[in-house]
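Quick notes on the structure that follows.
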Amino acid sequence: MLLDGFGRKHDYLRVSVTERCNFRCQYCMPEKPFSWVPKENLLSYEDLFKFIKIGIDEGIKKVRITGGEPLLRDDLDYFIKLISDYKNDIDLALTTNGFLLPQMAQKLKDSGLKRINISLDTLNQERAMKIAQKDVLPTVLDGISKAKNVGLKIKINCVPLKNINDIDIIDVLDFCKEEGFTVRYIEFMENSFAKSGAKGLKADEILNIIKTKYPNIKKVPRDTSSPAQYYMLEDGYEFGIIEPHKDDFCSSCNRIRLTAEGFLIPCLYFEDAMSIKDAIRANDIEKATQILKKVLQNKPEKNKWSTKDDNKVSSRAFYETGG
Ligand SMILES: Nc1nc2c(ncn2[C@@H]2O[C@H](COP(=O)(O)OP(=O)(O)OP(=O)(O)O)[C@@H](O)[C@H]2O)c(=O)[nH]1
Ligand SMILES: C[S@@+](CC[C@H](N)C(=O)[O-])C[C@H]1O[C@@H](n2cnc3c(N)ncnc32)[C@H](O)[C@@H]1O
Ligand code: SF4
Ligand code: SF4
């Protein structure tokens, strides 16, 4: 079992397979980074898989593949199959912007992927273009529909930005309700890579907008293993809000992150990380396991965003950590 220094059991591994992306979302990667991590510094699928096996053998029950845009990395279905064949009952999921799903959805499903979380900030083509800085919406909607048709379980992630897509919150909710998807609104997390001046909506602002159409909203008892607080509409439909500025879910944090370069990141909002790259490349499983346990031992108790100081800005890029 993987326990950290506060006795929290870790059974959720998020693996970023690339930091590259085909979108330039204002809240994440508005400019192409000055340089990408050179390809030779990335861990191969076989090496990432070696580490995932360690995790699974130590008690990891859920693996989420993310990025950058994970579907940009060639042969992702091969990687997913490696994991799925190793342990078929693992909760194997992917977070994607959806753009490459039209051609990938079936392959992903066939390779053993179970769930998919897709980013969808608006159903308005122009505003989608403004956020991603590319005309993405028709292809993303096609991708969502393909993913649904092949039988992948879908959640939608939406980051509402002030004066950009705050007017789309209810549309996105209604779309998800109709399609049978769970939507989670994520508060914009200030970071030094986001477009300057970008402003997110806080949870109560998001809720107030939803209440203009659905006044009777009930809070669902909190599942503290998820960063999302869920709410229920009168008809039973549930949606979530993720408030990264809070830390009430940190006391039951169950997750650890691995970047494409092999850094193990204990907490989304801390700079610390240790590399397992050399150990894994040398096939030194014992050393890689030791590093994993050391990272967990030194994991912070909670994020540093919950203080009253609202001006904190993370210097970690979401496209590097995978969110
Ligand atoms: N503060 C905080 N936010 C998180 C954490 N994990 C995920 N989030 C936020 O939630 C967003 C969406 O996460 P997803 O990639 O969809 O994964 P998930 O929420 O674990 O998905 P499920 O497995 O479906 O519950 C991330 O981009 C983050 O903004 C976390 O550990 N701490
Ligand atoms: C970094 S992306 C990687 C996966 C994929 N490219 C995507 O967009 O779904 C993972 C998640 O992080 C979220 N995200 C990115 N930047 C964010 C920010 N500054 N604040 C809050 N969420 C953010 C995205 O909306 C997405 O749901
Ligand atoms: S949020 Fe996802 S799609 Fe948007 S720029 Fe970041 S990695 Fe790319
Ligand atoms: S902010 Fe850090 S400690 Fe809190 S839930 Fe996320 S990863 Fe865990």
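Order determines the names: the first chain of the structure tokens is A, the second B, and so forth; residues in each chain are numbered 1 upward, and ligands are numbered 1 upward as they are shown.
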**OP:** Would you mind writing down, as a VMD selection string, each residue of region 20-141 of chain A that DSSP on the backbone assigns to strand (DSSP E)?
**Re:** chain A and resid 62 to 66 91 to 96 115 to 119
File of the preceding selection, C-alpha atoms, as an mmCIF file, in the first residue's frame:
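Dumped to out-v2.cif:
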data_model
loop_
_atom_site.group_PDB
_atom_site.id
_atom_site.type_symbol
_atom_site.label_atom_id
_atom_site.label_comp_id
_atom_site.auth_asym_id
_atom_site.auth_seq_id
_atom_site.Cartn_x
_atom_site.Cartn_y
_atom_site.Cartn_z
ATOM 1 C CA LYS A 62 -6.805 4.160 -11.065
ATOM 2 C CA VAL A 63 -4.548 5.368 -13.886
ATOM 3 C CA ARG A 64 -5.373 8.517 -15.827
ATOM 4 C CA ILE A 65 -3.466 9.430 -18.979
ATOM 5 C CA THR A 66 -3.153 13.136 -19.627
ATOM 6 C CA ASP A 91 -9.924 2.235 -13.641
ATOM 7 C CA LEU A 92 -8.205 3.328 -16.845
ATOM 8 C CA ALA A 93 -9.096 6.834 -17.961
ATOM 9 C CA LEU A 94 -7.936 9.637 -20.260
ATOM 10 C CA THR A 95 -8.224 13.436 -20.181
ATOM 11 C CA THR A 96 -8.265 15.033 -23.645
ATOM 12 C CA ARG A 115 -13.472 6.441 -19.235
ATOM 13 C CA ILE A 116 -12.711 9.734 -20.871
ATOM 14 C CA ASN A 117 -12.834 13.307 -19.589
ATOM 15 C CA ILE A 118 -13.148 15.850 -22.376
ATOM 16 C CA SER A 119 -12.619 19.597 -22.157
#
Original post:
Asp278 (chain A): which residues within 10 Å, counting only C-alpha atoms, same-chain residues fewer than 4 positions away excluded, as a ChimeraX atom specification?
Top reply: /A:43,262,282-284,287-288
Original post:
DSSP says helix (DSSP H, G or I) for which residues of region 269-299 of chain A? Put them as JSON, numbers by chain?
Top reply: {"A": [277, 278, 279, 280, 281, 285, 286, 287, 288, 289, 290, 291, 292, 293, 294, 295, 296, 297]}
Take the residues from that selection and put them in a file with N, CA and C atoms, as a CSV table (one decimal), in the first residue's frame.
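Below you can see again37.csv, which holds the result:
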chain,number,residue,atom,x,y,z
A,277,LYS,N,13.5,8.8,-13.9
A,277,LYS,CA,13.9,8.4,-15.2
A,277,LYS,C,15.2,7.5,-15.2
A,278,ASP,N,16.2,7.9,-14.5
A,278,ASP,CA,17.5,7.1,-14.5
A,278,ASP,C,17.2,5.7,-14.0
A,279,ALA,N,16.5,5.7,-12.9
A,279,ALA,CA,16.3,4.4,-12.3
A,279,ALA,C,15.5,3.5,-13.2
A,280,ILE,N,14.5,4.0,-13.8
A,280,ILE,CA,13.6,3.2,-14.7
A,280,ILE,C,14.4,2.8,-16.0
A,281,ARG,N,15.2,3.8,-16.5
A,281,ARG,CA,15.9,3.4,-17.7
A,281,ARG,C,17.0,2.3,-17.4
A,285,ILE,N,14.3,-1.3,-10.5
A,285,ILE,CA,12.9,-1.3,-10.0
A,285,ILE,C,12.9,-0.9,-8.5
A,286,GLU,N,13.9,-1.4,-7.8
A,286,GLU,CA,14.0,-1.2,-6.4
A,286,GLU,C,14.2,0.3,-6.1
A,287,LYS,N,15.1,0.9,-6.9
A,287,LYS,CA,15.4,2.3,-6.7
A,287,LYS,C,14.2,3.2,-7.1
A,288,ALA,N,13.6,2.8,-8.2
A,288,ALA,CA,12.4,3.6,-8.6
A,288,ALA,C,11.3,3.5,-7.5
A,289,THR,N,11.1,2.3,-6.9
A,289,THR,CA,10.2,2.2,-5.8
A,289,THR,C,10.5,3.0,-4.6
A,290,GLN,N,11.8,3.1,-4.3
A,290,GLN,CA,12.3,3.9,-3.2
A,290,GLN,C,12.0,5.4,-3.5
A,291,ILE,N,12.2,5.8,-4.7
A,291,ILE,CA,12.0,7.2,-5.0
A,291,ILE,C,10.5,7.5,-4.9
A,292,LEU,N,9.7,6.6,-5.4
A,292,LEU,CA,8.2,6.8,-5.2
A,292,LEU,C,7.9,7.0,-3.7
A,293,LYS,N,8.4,6.1,-2.9
A,293,LYS,CA,8.1,6.2,-1.5
A,293,LYS,C,8.6,7.4,-0.8
A,294,LYS,N,9.8,7.9,-1.3
A,294,LYS,CA,10.4,9.1,-0.7
A,294,LYS,C,9.5,10.3,-1.1
A,295,VAL,N,9.1,10.3,-2.3
A,295,VAL,CA,8.2,11.5,-2.8
A,295,VAL,C,7.0,11.5,-2.0
A,296,LEU,N,6.4,10.3,-1.7
A,296,LEU,CA,5.2,10.3,-0.9
A,296,LEU,C,5.4,10.7,0.5
A,297,GLN,N,6.6,10.3,1.1
A,297,GLN,CA,6.9,10.6,2.4
A,297,GLN,C,7.0,12.2,2.6
Original post:
Neighbours of Lys130 (chain A) within 10 Å (only C-alpha atoms; same-chain residues fewer than 4 positions away dropped), as JSON, numbers by chain?
Top reply: {"A": [24, 25, 26, 124, 125, 126, 134, 135, 136, 164, 165]}
Original post:
Which residue gives the smallest distance to ligand 3 among A:Thr212, A:Thr122, A:Asn97, A:Ser16, with only C-alpha atoms and all ligand atoms counted?
Top reply: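 Nearest candidate to ligand 3 out of A:Thr212, A:Thr122, A:Asn97, A:Ser16: A:Asn97.
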Can you pull out every residue with an atom within 6 Å of ligand 1? Use only C-alpha atoms and all ligand atoms and format it as an mmCIF file with C-alpha atoms, in the first residue's frame.
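Output saved as result.cif:
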data_model
loop_
_atom_site.group_PDB
_atom_site.id
_atom_site.type_symbol
_atom_site.label_atom_id
_atom_site.label_comp_id
_atom_site.auth_asym_id
_atom_site.auth_seq_id
_atom_site.Cartn_x
_atom_site.Cartn_y
_atom_site.Cartn_z
ATOM 1 C CA THR A 95 -8.224 13.436 -20.181
ATOM 2 C CA ASN A 117 -12.834 13.307 -19.589
ATOM 3 C CA SER A 226 -12.545 13.688 -5.614
ATOM 4 C CA PRO A 227 -11.613 17.368 -5.940
ATOM 5 C CA PRO A 244 -8.588 24.300 -6.584
ATOM 6 C CA LEU A 268 -0.305 19.823 -8.156
ATOM 7 C CA GLY A 323 -3.806 19.083 -14.587
#
